[in-house]
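As stored in my_file_12.csv (CSV, C-alpha atoms and all ligand atoms):
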```
chain,number,residue,atom,x,y,z
A,1,MET,CA,-81.8,-42.9,114.7
A,2,PRO,CA,-82.5,-43.5,118.4
A,3,ASP,CA,-85.5,-45.6,119.3
A,4,LEU,CA,-88.8,-43.7,119.6
A,5,SER,CA,-88.9,-44.1,123.4
A,6,THR,CA,-85.4,-42.6,123.7
A,7,GLU,CA,-86.3,-39.7,121.4
A,8,LEU,CA,-89.5,-39.0,123.4
A,9,ILE,CA,-87.6,-39.1,126.7
A,10,HIS,CA,-84.7,-36.9,125.5
A,11,HIS,CA,-86.8,-34.6,123.4
A,12,ALA,CA,-85.0,-31.4,122.3
A,13,TYR,CA,-87.9,-28.9,122.7
A,14,THR,CA,-87.7,-26.5,125.6
A,15,PRO,CA,-90.4,-23.9,126.0
A,16,PRO,CA,-89.3,-20.2,125.6
A,17,ASP,CA,-88.5,-18.1,128.7
A,18,GLY,CA,-90.8,-15.2,129.5
A,19,PHE,CA,-94.1,-16.9,130.3
A,20,ALA,CA,-95.5,-14.8,133.1
A,21,ALA,CA,-98.9,-15.6,134.7
A,22,PRO,CA,-100.7,-15.1,138.0
A,23,GLN,CA,-100.1,-18.6,139.2
A,24,PRO,CA,-96.6,-20.0,139.6
A,25,GLY,CA,-95.9,-23.2,137.5
A,26,VAL,CA,-96.3,-26.6,139.1
A,27,PHE,CA,-93.0,-28.5,139.2
A,28,LYS,CA,-93.3,-32.2,139.9
A,29,ALA,CA,-90.2,-34.4,140.6
A,30,SER,CA,-88.7,-37.2,142.5
A,31,THR,CA,-85.5,-37.1,140.4
A,32,VAL,CA,-83.7,-33.8,139.7
A,33,PHE,CA,-81.0,-33.8,137.0
A,34,PHE,CA,-77.5,-32.6,137.7
A,35,PRO,CA,-75.3,-31.4,134.8
A,36,ASN,CA,-72.4,-33.5,136.0
A,37,VAL,CA,-71.2,-35.5,139.0
A,38,ALA,CA,-69.3,-32.6,140.5
A,39,ALA,CA,-72.5,-30.6,140.6
A,40,MET,CA,-74.3,-33.5,142.2
A,41,ARG,CA,-71.6,-33.8,144.9
A,42,SER,CA,-71.5,-30.1,145.6
A,43,ARG,CA,-75.2,-29.3,145.9
A,44,GLU,CA,-76.6,-28.6,149.3
A,45,TRP,CA,-80.2,-29.6,150.1
A,46,LYS,CA,-80.6,-27.9,153.5
A,47,GLY,CA,-80.7,-24.3,152.2
A,48,LYS,CA,-82.8,-23.3,149.2
A,49,SER,CA,-79.8,-22.5,147.0
A,50,SER,CA,-80.4,-25.4,144.7
A,51,TYR,CA,-82.4,-28.6,144.0
A,52,THR,CA,-81.3,-32.1,144.7
A,53,TYR,CA,-84.3,-34.4,145.1
A,54,GLY,CA,-88.1,-33.9,145.0
A,55,LEU,CA,-88.4,-34.8,148.7
A,56,HIS,CA,-86.0,-32.0,149.5
A,57,GLY,CA,-87.9,-29.3,147.6
A,58,THR,CA,-89.1,-28.1,144.2
A,59,PRO,CA,-89.7,-24.6,142.9
A,60,THR,CA,-93.4,-25.2,143.8
A,61,THR,CA,-92.8,-26.2,147.4
A,62,TYR,CA,-90.1,-23.5,148.0
A,63,THR,CA,-92.6,-20.8,146.7
A,64,LEU,CA,-95.3,-22.1,149.1
A,65,GLU,CA,-92.8,-22.2,152.0
A,66,GLU,CA,-91.8,-18.6,151.4
A,67,ARG,CA,-95.4,-17.3,151.1
A,68,LEU,CA,-96.3,-19.1,154.4
A,69,CYS,CA,-93.4,-17.4,156.1
A,70,THR,CA,-94.8,-14.1,154.9
A,71,LEU,CA,-98.3,-15.1,156.2
A,72,GLU,CA,-97.0,-16.0,159.7
A,73,GLY,CA,-94.0,-13.7,160.0
A,74,GLY,CA,-91.5,-16.5,160.1
A,75,LEU,CA,-88.2,-17.1,158.3
A,76,GLN,CA,-88.0,-20.8,157.7
A,77,CYS,CA,-90.7,-23.3,156.8
A,78,VAL,CA,-91.0,-27.0,156.1
A,79,LEU,CA,-94.1,-28.6,154.6
A,80,THR,CA,-95.7,-31.9,155.9
A,81,PRO,CA,-98.3,-34.2,154.5
A,82,SER,CA,-100.9,-33.1,157.1
A,83,GLY,CA,-101.4,-30.8,160.0
A,84,LEU,CA,-101.0,-33.7,162.4
A,85,ALA,CA,-97.7,-34.6,160.7
A,86,ALA,CA,-96.5,-31.1,161.4
A,87,VAL,CA,-97.4,-31.5,165.1
A,88,ALA,CA,-95.7,-34.9,165.2
A,89,LEU,CA,-92.6,-33.7,163.4
A,90,VAL,CA,-92.0,-31.0,166.0
A,91,ALA,CA,-92.2,-33.7,168.7
A,92,LEU,CA,-90.0,-36.2,166.9
A,93,ALA,CA,-87.4,-33.6,166.0
A,94,LEU,CA,-87.0,-32.1,169.4
A,95,LEU,CA,-87.8,-34.7,172.0
A,96,ARG,CA,-85.6,-37.6,173.1
A,97,ALA,CA,-86.0,-40.4,175.7
A,98,GLY,CA,-86.1,-38.9,179.2
A,99,ASP,CA,-87.5,-35.5,178.0
A,100,GLU,CA,-90.9,-34.2,179.0
A,101,VAL,CA,-93.5,-32.3,176.9
A,102,LEU,CA,-96.3,-30.2,178.3
A,103,ILE,CA,-99.6,-30.0,176.3
A,104,PRO,CA,-102.7,-27.8,177.1
A,105,ASP,CA,-105.6,-30.0,178.2
A,106,ASN,CA,-107.7,-28.4,175.5
A,107,ALA,CA,-105.2,-29.2,172.7
A,108,TYR,CA,-106.0,-30.8,169.4
A,109,ALA,CA,-106.8,-34.3,170.6
A,110,PRO,CA,-104.4,-36.3,168.3
A,111,ASN,CA,-101.5,-34.2,169.8
A,112,LYS,CA,-102.4,-35.6,173.2
A,113,ALA,CA,-102.9,-39.0,171.8
A,114,LEU,CA,-99.3,-38.9,170.2
A,115,ALA,CA,-98.0,-38.1,173.7
A,116,GLU,CA,-99.9,-41.0,175.3
A,117,GLY,CA,-99.0,-43.4,172.5
A,118,GLU,CA,-95.7,-43.2,170.6
A,119,LEU,CA,-93.9,-40.6,172.8
A,120,LYS,CA,-94.7,-42.5,176.0
A,121,ALA,CA,-93.6,-45.8,174.4
A,122,TRP,CA,-90.3,-44.1,173.5
A,123,GLY,CA,-89.6,-42.9,177.1
A,124,ILE,CA,-90.8,-39.3,176.5
A,125,THR,CA,-93.1,-38.2,179.3
A,126,HIS,CA,-95.9,-35.6,179.2
A,127,GLN,CA,-98.2,-33.6,181.4
A,128,PHE,CA,-101.4,-31.9,180.4
A,129,TYR,CA,-101.8,-28.3,181.9
A,130,ASP,CA,-104.7,-26.0,182.4
A,131,PRO,CA,-104.7,-23.5,179.5
A,132,LEU,CA,-106.4,-20.8,181.5
A,133,ASP,CA,-104.1,-21.1,184.6
A,134,VAL,CA,-100.6,-19.8,184.1
A,135,GLN,CA,-99.6,-20.9,187.6
A,136,ASP,CA,-100.4,-24.4,186.6
A,137,LEU,CA,-98.1,-24.1,183.6
A,138,THR,CA,-95.4,-22.6,185.8
A,139,ASP,CA,-95.7,-25.4,188.4
A,140,LYS,CA,-95.6,-28.2,185.8
A,141,ILE,CA,-92.4,-27.0,184.0
A,142,GLY,CA,-89.6,-29.1,185.5
A,143,PRO,CA,-86.0,-29.9,184.8
A,144,LEU,CA,-86.9,-32.5,182.1
A,145,THR,CA,-89.4,-30.2,180.3
A,146,ARG,CA,-88.0,-29.5,176.8
A,147,LEU,CA,-91.1,-28.4,174.9
A,148,VAL,CA,-94.4,-26.7,175.7
A,149,TRP,CA,-97.3,-26.8,173.3
A,150,LEU,CA,-99.6,-23.8,173.1
A,151,GLU,CA,-102.9,-23.5,171.4
A,152,ALA,CA,-104.9,-20.2,171.0
A,153,ALA,CA,-107.9,-20.7,171.0
A,154,GLY,CA,-108.0,-24.4,172.2
A,155,SER,CA,-109.6,-27.0,170.0
A,156,VAL,CA,-113.3,-27.6,170.3
A,157,THR,CA,-113.8,-25.6,173.6
A,158,LEU,CA,-112.1,-22.5,172.3
A,159,GLU,CA,-110.8,-21.2,175.6
A,160,PHE,CA,-108.3,-18.4,174.8
A,161,PRO,CA,-105.1,-18.5,177.0
A,162,ASP,CA,-102.9,-15.7,178.1
A,163,LEU,CA,-100.5,-16.6,175.3
A,164,CYS,CA,-98.0,-13.7,176.0
A,165,GLU,CA,-97.6,-14.8,179.7
A,166,GLN,CA,-97.3,-18.5,178.7
A,167,VAL,CA,-94.5,-17.6,176.3
A,168,ARG,CA,-92.8,-15.5,179.0
A,169,ILE,CA,-93.0,-18.3,181.5
A,170,CYS,CA,-91.4,-20.8,179.1
A,171,ARG,CA,-88.7,-18.3,178.1
A,172,ARG,CA,-87.7,-17.7,181.7
A,173,ALA,CA,-87.5,-21.5,182.1
A,174,GLY,CA,-85.5,-21.9,178.9
A,175,VAL,CA,-88.1,-24.2,177.4
A,176,LEU,CA,-89.0,-24.2,173.7
A,177,THR,CA,-92.6,-23.1,172.8
A,178,ALA,CA,-94.5,-24.6,169.9
A,179,LEU,CA,-97.8,-23.0,169.0
A,180,ASP,CA,-100.5,-24.9,167.0
A,181,ASN,CA,-101.4,-21.9,165.0
A,182,THR,CA,-104.2,-23.4,162.9
A,183,TRP,CA,-107.0,-21.2,164.5
A,184,GLY,CA,-105.1,-17.9,164.2
A,185,ALA,CA,-103.7,-18.9,160.8
A,186,GLY,CA,-101.2,-15.9,161.0
A,187,LEU,CA,-104.2,-13.5,160.7
A,188,ALA,CA,-105.8,-13.1,164.1
A,189,PHE,CA,-102.4,-12.3,165.7
A,190,PRO,CA,-98.7,-12.5,164.7
A,191,PRO,CA,-97.3,-15.6,166.4
A,192,PHE,CA,-93.7,-14.4,166.3
A,193,ASP,CA,-94.4,-10.9,167.4
A,194,LEU,CA,-97.1,-11.1,170.1
A,195,THR,CA,-96.3,-7.7,171.5
A,196,ARG,CA,-96.4,-6.2,168.0
A,197,GLY,CA,-93.1,-4.4,167.5
A,198,SER,CA,-92.5,-3.5,171.2
A,199,ALA,CA,-89.0,-2.9,172.5
A,200,GLU,CA,-89.0,-6.4,174.1
A,201,PRO,CA,-90.0,-8.7,171.3
A,202,LEU,CA,-92.0,-11.7,172.3
A,203,GLY,CA,-92.9,-14.6,170.1
A,204,VAL,CA,-93.2,-18.4,170.0
A,205,ASP,CA,-90.3,-20.5,168.8
A,206,ILE,CA,-92.3,-22.7,166.5
A,207,SER,CA,-95.6,-22.3,164.7
A,208,ALA,CA,-97.2,-25.5,163.4
A,209,HIS,CA,-100.2,-24.9,161.1
A,210,ALA,CA,-102.7,-27.3,159.6
A,211,LEU,CA,-102.8,-25.9,156.1
A,212,THR,CA,-105.7,-28.3,155.6
A,213,LYS,CA,-107.9,-25.6,157.1
A,214,TYR,CA,-107.8,-21.9,155.9
A,215,PRO,CA,-104.7,-21.9,153.7
A,216,SER,CA,-106.3,-24.7,151.6
A,217,GLY,CA,-109.8,-23.3,152.1
A,218,GLY,CA,-111.4,-26.0,150.0
A,219,GLY,CA,-111.8,-29.1,152.2
A,220,ASP,CA,-109.8,-31.0,149.6
A,221,VAL,CA,-106.2,-30.9,150.7
A,222,LEU,CA,-104.3,-32.3,153.6
A,223,MET,CA,-101.0,-30.4,154.5
A,224,GLY,CA,-99.2,-28.9,157.3
A,225,SER,CA,-96.3,-26.5,157.9
A,226,VAL,CA,-93.7,-25.9,160.7
A,227,ILE,CA,-92.4,-22.3,160.7
A,228,THR,CA,-89.5,-20.9,162.8
A,229,ARG,CA,-87.3,-17.8,163.0
A,230,ASP,CA,-84.1,-19.5,164.2
A,231,PRO,CA,-81.8,-21.2,161.6
A,232,VAL,CA,-80.4,-23.7,164.2
A,233,LEU,CA,-83.9,-24.7,165.3
A,234,HIS,CA,-85.0,-24.9,161.7
A,235,THR,CA,-82.1,-27.2,160.9
A,236,ARG,CA,-83.0,-29.6,163.7
A,237,ILE,CA,-86.6,-29.8,162.3
A,238,LYS,CA,-85.4,-30.0,158.7
A,239,LEU,CA,-83.1,-32.9,159.4
A,240,ALA,CA,-85.8,-34.9,161.1
A,241,HIS,CA,-88.2,-34.0,158.3
A,242,MET,CA,-85.7,-35.4,155.8
A,243,ARG,CA,-85.0,-38.5,157.9
A,244,LEU,CA,-88.7,-39.2,158.3
A,245,GLY,CA,-89.2,-38.9,154.5
A,246,LEU,CA,-92.0,-36.3,154.9
A,247,GLY,CA,-92.9,-34.6,151.6
A,248,VAL,CA,-96.0,-33.1,149.9
A,249,GLY,CA,-97.4,-33.5,146.4
A,250,ALA,CA,-96.9,-30.7,143.9
A,251,ASN,CA,-100.6,-30.6,143.0
A,252,ASP,CA,-101.5,-30.2,146.6
A,253,ALA,CA,-98.9,-27.5,147.1
A,254,GLU,CA,-100.4,-25.8,144.0
A,255,ALA,CA,-103.9,-26.0,145.5
A,256,VAL,CA,-102.7,-24.1,148.6
A,257,LEU,CA,-100.8,-21.6,146.5
A,258,ARG,CA,-104.1,-21.0,144.5
A,259,SER,CA,-106.0,-20.4,147.7
A,260,LEU,CA,-103.5,-18.3,149.7
A,261,PRO,CA,-104.2,-14.9,148.0
A,262,SER,CA,-107.8,-15.0,149.3
A,263,ILE,CA,-107.1,-16.3,152.8
A,264,GLN,CA,-107.6,-13.0,154.5
A,265,LEU,CA,-110.9,-12.2,152.8
A,266,ARG,CA,-112.1,-15.7,153.5
A,267,TYR,CA,-111.0,-15.6,157.2
A,268,GLN,CA,-112.9,-12.3,157.7
A,269,ALA,CA,-116.0,-13.8,156.1
A,270,HIS,CA,-115.8,-17.0,158.3
A,271,ASP,CA,-115.2,-14.8,161.3
A,272,GLN,CA,-118.2,-12.5,160.5
A,273,ARG,CA,-120.5,-15.4,160.1
A,274,ALA,CA,-119.4,-17.3,163.2
A,275,ARG,CA,-119.7,-14.2,165.4
A,276,ALA,CA,-123.2,-13.4,164.2
A,277,LEU,CA,-124.3,-17.0,164.7
A,278,ALA,CA,-122.7,-17.4,168.1
A,279,GLN,CA,-124.3,-14.2,169.2
A,280,TRP,CA,-127.7,-15.5,168.0
A,281,CYS,CA,-127.1,-18.8,169.8
A,282,LYS,CA,-126.7,-16.9,173.1
A,283,SER,CA,-130.4,-15.9,172.8
A,284,GLN,CA,-131.5,-19.5,172.5
A,285,ASP,CA,-132.5,-21.3,175.6
A,286,ALA,CA,-131.6,-24.7,174.3
A,287,PHE,CA,-128.0,-23.8,175.0
A,288,ALA,CA,-126.4,-23.5,178.5
A,289,GLN,CA,-123.2,-22.0,177.1
A,290,VAL,CA,-121.9,-20.5,173.8
A,291,LEU,CA,-118.1,-20.7,173.3
A,292,HIS,CA,-116.5,-18.2,171.0
A,293,PRO,CA,-113.4,-16.2,172.2
A,294,ALA,CA,-114.7,-12.9,170.8
A,295,LEU,CA,-117.9,-13.1,172.8
A,296,PRO,CA,-117.8,-11.5,176.3
A,297,GLY,CA,-118.2,-14.2,178.9
A,298,SER,CA,-116.5,-16.9,176.8
A,299,PRO,CA,-113.6,-18.4,178.7
A,300,GLY,CA,-110.4,-16.4,178.1
A,301,HIS,CA,-112.3,-13.6,176.2
A,302,ALA,CA,-110.1,-10.9,177.9
A,303,HIS,CA,-106.9,-12.6,176.6
A,304,TRP,CA,-108.4,-12.8,173.2
A,305,ALA,CA,-109.3,-9.1,173.3
A,306,ALA,CA,-105.8,-8.2,174.5
A,307,LEU,CA,-104.0,-10.1,171.7
A,308,CYS,CA,-106.2,-10.3,168.6
A,309,ARG,CA,-107.6,-7.8,166.2
A,310,ARG,CA,-111.0,-7.0,167.7
A,311,ASP,CA,-112.7,-6.1,164.4
A,312,VAL,CA,-113.8,-8.7,161.9
A,313,GLY,CA,-110.7,-10.8,161.0
A,314,GLY,CA,-109.5,-11.3,164.5
A,315,ALA,CA,-111.1,-14.7,165.1
A,316,ALA,CA,-111.7,-17.9,163.1
A,317,GLY,CA,-115.0,-19.3,162.0
A,318,LEU,CA,-115.4,-21.7,164.9
A,319,PHE,CA,-117.9,-21.7,167.8
A,320,SER,CA,-119.3,-24.3,170.1
A,321,VAL,CA,-122.4,-24.7,172.1
A,322,VAL,CA,-123.1,-26.7,175.2
A,323,PHE,CA,-126.7,-27.9,175.2
A,324,ARG,CA,-128.8,-27.7,178.4
A,325,SER,CA,-128.1,-30.8,180.5
A,326,ASP,CA,-131.7,-31.9,180.3
A,327,ILE,CA,-131.4,-32.2,176.5
A,328,ASP,CA,-129.9,-35.7,176.1
A,329,GLN,CA,-127.3,-37.0,173.6
A,330,GLN,CA,-130.0,-38.5,171.4
A,331,ARG,CA,-131.8,-35.2,170.9
A,332,VAL,CA,-128.5,-33.4,170.2
A,333,ASP,CA,-127.6,-36.1,167.6
A,334,ALA,CA,-131.1,-35.5,166.1
A,335,PHE,CA,-130.4,-31.8,166.0
A,336,CYS,CA,-127.2,-32.4,164.1
A,337,ASP,CA,-128.9,-34.9,161.7
A,338,VAL,CA,-131.7,-32.5,160.7
A,339,LEU,CA,-129.3,-29.6,159.8
A,340,ARG,CA,-129.2,-29.1,156.1
A,341,LEU,CA,-126.5,-26.6,155.4
A,342,PHE,CA,-124.2,-27.5,158.2
A,343,ARG,CA,-122.9,-30.9,157.1
A,344,ILE,CA,-121.6,-33.5,159.6
A,345,GLY,CA,-117.9,-33.8,159.1
A,346,TYR,CA,-114.5,-33.3,160.7
A,347,SER,CA,-112.0,-30.6,159.9
A,348,TRP,CA,-112.9,-27.0,158.9
A,349,GLY,CA,-111.8,-24.1,156.9
A,350,GLY,CA,-113.7,-24.7,153.6
A,351,PRO,CA,-116.8,-23.1,152.1
A,352,VAL,CA,-119.2,-25.6,153.6
A,353,SER,CA,-120.4,-25.1,157.1
A,354,LEU,CA,-119.7,-28.1,159.4
A,355,VAL,CA,-121.0,-29.6,162.6
A,356,VAL,CA,-119.6,-32.2,165.0
A,357,PRO,CA,-121.0,-33.3,168.4
A,358,TYR,CA,-118.2,-34.1,170.9
A,359,ASP,CA,-118.1,-36.2,174.0
A,360,LEU,CA,-116.0,-33.8,176.1
A,361,ALA,CA,-115.8,-36.1,179.1
A,362,GLY,CA,-113.5,-38.5,177.1
A,363,MET,CA,-111.3,-35.6,175.9
A,364,ARG,CA,-110.3,-33.8,179.1
A,365,SER,CA,-108.5,-34.8,182.3
A,366,GLY,CA,-111.6,-33.6,184.2
A,367,TRP,CA,-114.6,-31.5,183.5
A,368,PRO,CA,-113.3,-27.9,183.5
A,369,GLU,CA,-115.1,-25.7,186.0
A,370,HIS,CA,-115.6,-23.0,183.3
A,371,LEU,CA,-117.7,-25.3,181.1
A,372,ALA,CA,-121.4,-26.0,181.5
A,373,ARG,CA,-122.3,-29.7,181.8
A,374,GLY,CA,-124.0,-31.0,178.7
A,375,THR,CA,-123.4,-32.2,175.2
A,376,LEU,CA,-121.1,-30.0,173.2
A,377,VAL,CA,-121.5,-29.3,169.5
A,378,ARG,CA,-118.8,-27.5,167.5
A,379,PHE,CA,-119.7,-25.5,164.4
A,380,SER,CA,-117.5,-24.3,161.6
A,381,ALA,CA,-119.1,-21.4,159.7
A,382,GLY,CA,-118.5,-21.8,156.0
A,383,LEU,CA,-119.1,-19.1,153.4
A,384,GLU,CA,-122.9,-19.5,153.0
A,385,SER,CA,-125.2,-16.5,153.7
A,386,VAL,CA,-125.4,-15.9,157.5
A,387,ASP,CA,-129.2,-15.6,157.3
A,388,ASP,CA,-129.5,-19.0,155.6
A,389,LEU,CA,-127.2,-20.5,158.3
A,390,ARG,CA,-129.2,-19.0,161.1
A,391,ALA,CA,-132.4,-20.3,159.5
A,392,ASP,CA,-130.9,-23.7,159.3
A,393,LEU,CA,-130.0,-23.7,163.1
A,394,GLU,CA,-133.5,-22.4,163.8
A,395,GLN,CA,-135.3,-25.2,161.9
A,396,ALA,CA,-133.1,-27.9,163.4
A,397,LEU,CA,-133.7,-26.6,167.0
A,398,ARG,CA,-137.5,-26.5,166.3
A,399,ILE,CA,-137.6,-30.1,164.9
A,400,ALA,CA,-135.2,-31.8,167.3
A,401,LEU,CA,-136.4,-30.1,170.5
A,402,ALA,CA,-140.1,-30.2,169.8
B,501,LIG,C1,-107.1,-30.0,161.9
B,501,LIG,C2,-106.1,-29.6,162.9
B,501,LIG,C3,-104.9,-30.3,163.0
B,501,LIG,C4,-104.5,-31.4,162.0
B,501,LIG,O1,-104.6,-31.1,160.7
B,501,LIG,P1,-104.8,-32.3,159.7
B,501,LIG,O2,-104.3,-31.8,158.4
B,501,LIG,O3,-106.2,-32.7,159.7
B,501,LIG,O4,-103.9,-33.5,160.1
B,501,LIG,C5,-104.0,-29.9,163.9
B,501,LIG,N1,-104.3,-28.9,164.8
B,501,LIG,C6,-105.4,-28.3,164.8
B,501,LIG,C7,-105.7,-27.2,165.8
B,501,LIG,C8,-106.4,-28.6,163.9
B,501,LIG,O5,-107.6,-28.0,163.9
```

As structure tokens, what does this structure read like?
Amino acid sequence: MPDLSTELIHHAYTPPDGFAAPQPGVFKASTVFFPNVAAMRSREWKGKSSYTYGLHGTPTTYTLEERLCTLEGGLQCVLTPSGLAAVALVALALLRAGDEVLIPDNAYAPNKALAEGELKAWGITHQFYDPLDVQDLTDKIGPLTRLVWLEAAGSVTLEFPDLCEQVRICRRAGVLTALDNTWGAGLAFPPFDLTRGSAEPLGVDISAHALTKYPSGGGDVLMGSVITRDPVLHTRIKLAHMRLGLGVGANDAEAVLRSLPSIQLRYQAHDQRARALAQWCKSQDAFAQVLHPALPGSPGHAHWAALCRRDVGGAAGLFSVVFRSDIDQQRVDAFCDVLRLFRIGYSWGGPVSLVVPYDLAGMRSGWPEHLARGTLVRFSAGLESVDDLRADLEQALRIALA
């Protein structure tokens, strides 16, 4: 008789085939068994034809990758341990010493910090361009430019760029485009088919997505994805992904798989709440400016209207306000502190509404002309009742500005 440990490890029972259920099974592995050495030598980890090692993919991660491709209209996908890791992976896979990357001035701040930190130290240069001025982008693309980041809408200030024209400019210059698609999430507009089935297809080369936000939808998972439609480009990213040892946990992948079926309904609900609240904020004289791309007058609104679904579901649940300049930082902080339903916290995409005050001066190359001067506060509308959220804003304004 083998020892009990050996018997437990090499146990004969295998469950019957034919178990079908709404959720796919969760497969957890570092090691994957091979039937023999020949199989081990012949298996290929770059495609999805077989399994070789947990880091290279499991049935759970392959399933999530395929569903994310469906969401965004892509063909290949890799998963990363956070949204920021997805952004960093794109840079590390595609940029080498002597190359230049262009980043919109309103980009997700850690993307800019990566350029100013590691990329600069490794001899990769960068320039920040004006997201609302396509001429500025045209002028900044030079012979060393290899990658242009795009973001629609921009982080925190939510300006909506002329994404189609930006992609055309990069195409003409032969430069790769990478969109941080966290805001659009594959729902507000199709990143790989911006002109929606027209004779001249137009799309970004790469879509990076913080799955932490709407795909997770719970405020409890960190994950990212990098989606492409070109096998050669995908292989460059996949090789860097492997060499950097980036992987995701099966339980986290399962949490995203669990949330994905409701993403469109949730996105619409977040959108509906944010639009109603942003509209209401426009009537409040504490605010010098309300930023939401679906609101007429918000920077880049016409570009949003041209690209995105205009009905509910064409915008995410984010909006920002700039307080009147005579309302100082202390009172804005007090306003945030007395909010009850809007919790103070980074990130967004979950059921709980969130609020963060930002010091814009430290985030931009200069104060953009299209933004009022004053303290900026960004809100993420959760899934609470819109009337309750409005009442919360109202009571906080009353108390803090009294
Ligand atoms: C949140 C966010 C990220 C980073 O995602 P994490 O999972 O928090 O690392 C990247 N880009 C945008 C636009 C984001 O909002």

*Within 6 Å of ligand LIG 501 (chain B), counting all atoms listed in the file, which protein or nucleic acid residues do you find, written as a PyMOL selection string?*
chain A and resi 82-84+108+155+180+182+210+212+222-224+347

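Near (-118.6, -20.3, 161.8), the residues inside the 7 Å limit, counting all atoms listed in the file, come to His270, Asp271, Arg273, Ala274, Gly317, Leu318, Phe319, Ser353, Phe379, Ser380, Ala381 and Gly382 of chain A.
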
*Quick one: pull the distance between atom CA of His301 of chain A and atom CA of Glu165 of chain A, Å, one decimal.*
15.2 Å

*Between atom CA of Leu92 of chain A and atom CA of Ala121 of chain A, what is the spacing in Å?*
12.7 Å

*Counting all atoms listed in the file, the residue of A:Lys48, A:His56, A:Arg171, A:Arg390 that sits nearest Gln279 of chain A*: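 Smallest distance to Gln279 of chain A is found for A:Arg390.
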
_Separation of atom CA of Val134 of chain A from atom CA of Leu150 of chain A, in Å and rounded to one decimal_ =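 That distance, rounded to one decimal, is 11.7 Å.
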
*Return the single residue from A:Leu257, A:Val290, A:Ile9, A:Ala240 that is closest to Ala85 of chain A, with distances computed using all atoms listed in the file.*
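The shortest atom-to-atom distance to Ala85 of chain A comes from A:Ala240.
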
Enclose the full set of atoms of segment 87-105 of chain A listed in the file within a box whose edges lie along x, y and z, apply 3 Å of padding to each of the six sides, and report centre and edge lengths in Å to one decimal as AutoDock Vina command-line options.
```
--center_x -95.6 --center_y -34.1 --center_z 171.3 --size_x 26.0 --size_y 18.6 --size_z 21.8
```

*So which one's closest to Glu72 of chain A, A:Val204, A:Leu176, A:Ala305, A:Leu244? Using all atoms listed in the file, please.*
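For Glu72 of chain A, the nearest of the given residues is A:Val204.
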
*Just the residues within 12 Å of Arg168 of chain A, please, counting all atoms listed in the file, with nothing from its chain fewer than 3 positions along; format it as a list in words.*
Val134, Leu137, Thr138, Val148, Asp162, Leu163, Cys164, Glu165, Arg171, Arg172, Ala173, Gly174, Val175, Leu176, Thr177, Leu194, Thr195, Glu200, Pro201, Leu202, Gly203, Val204 and Asp205 of chain A
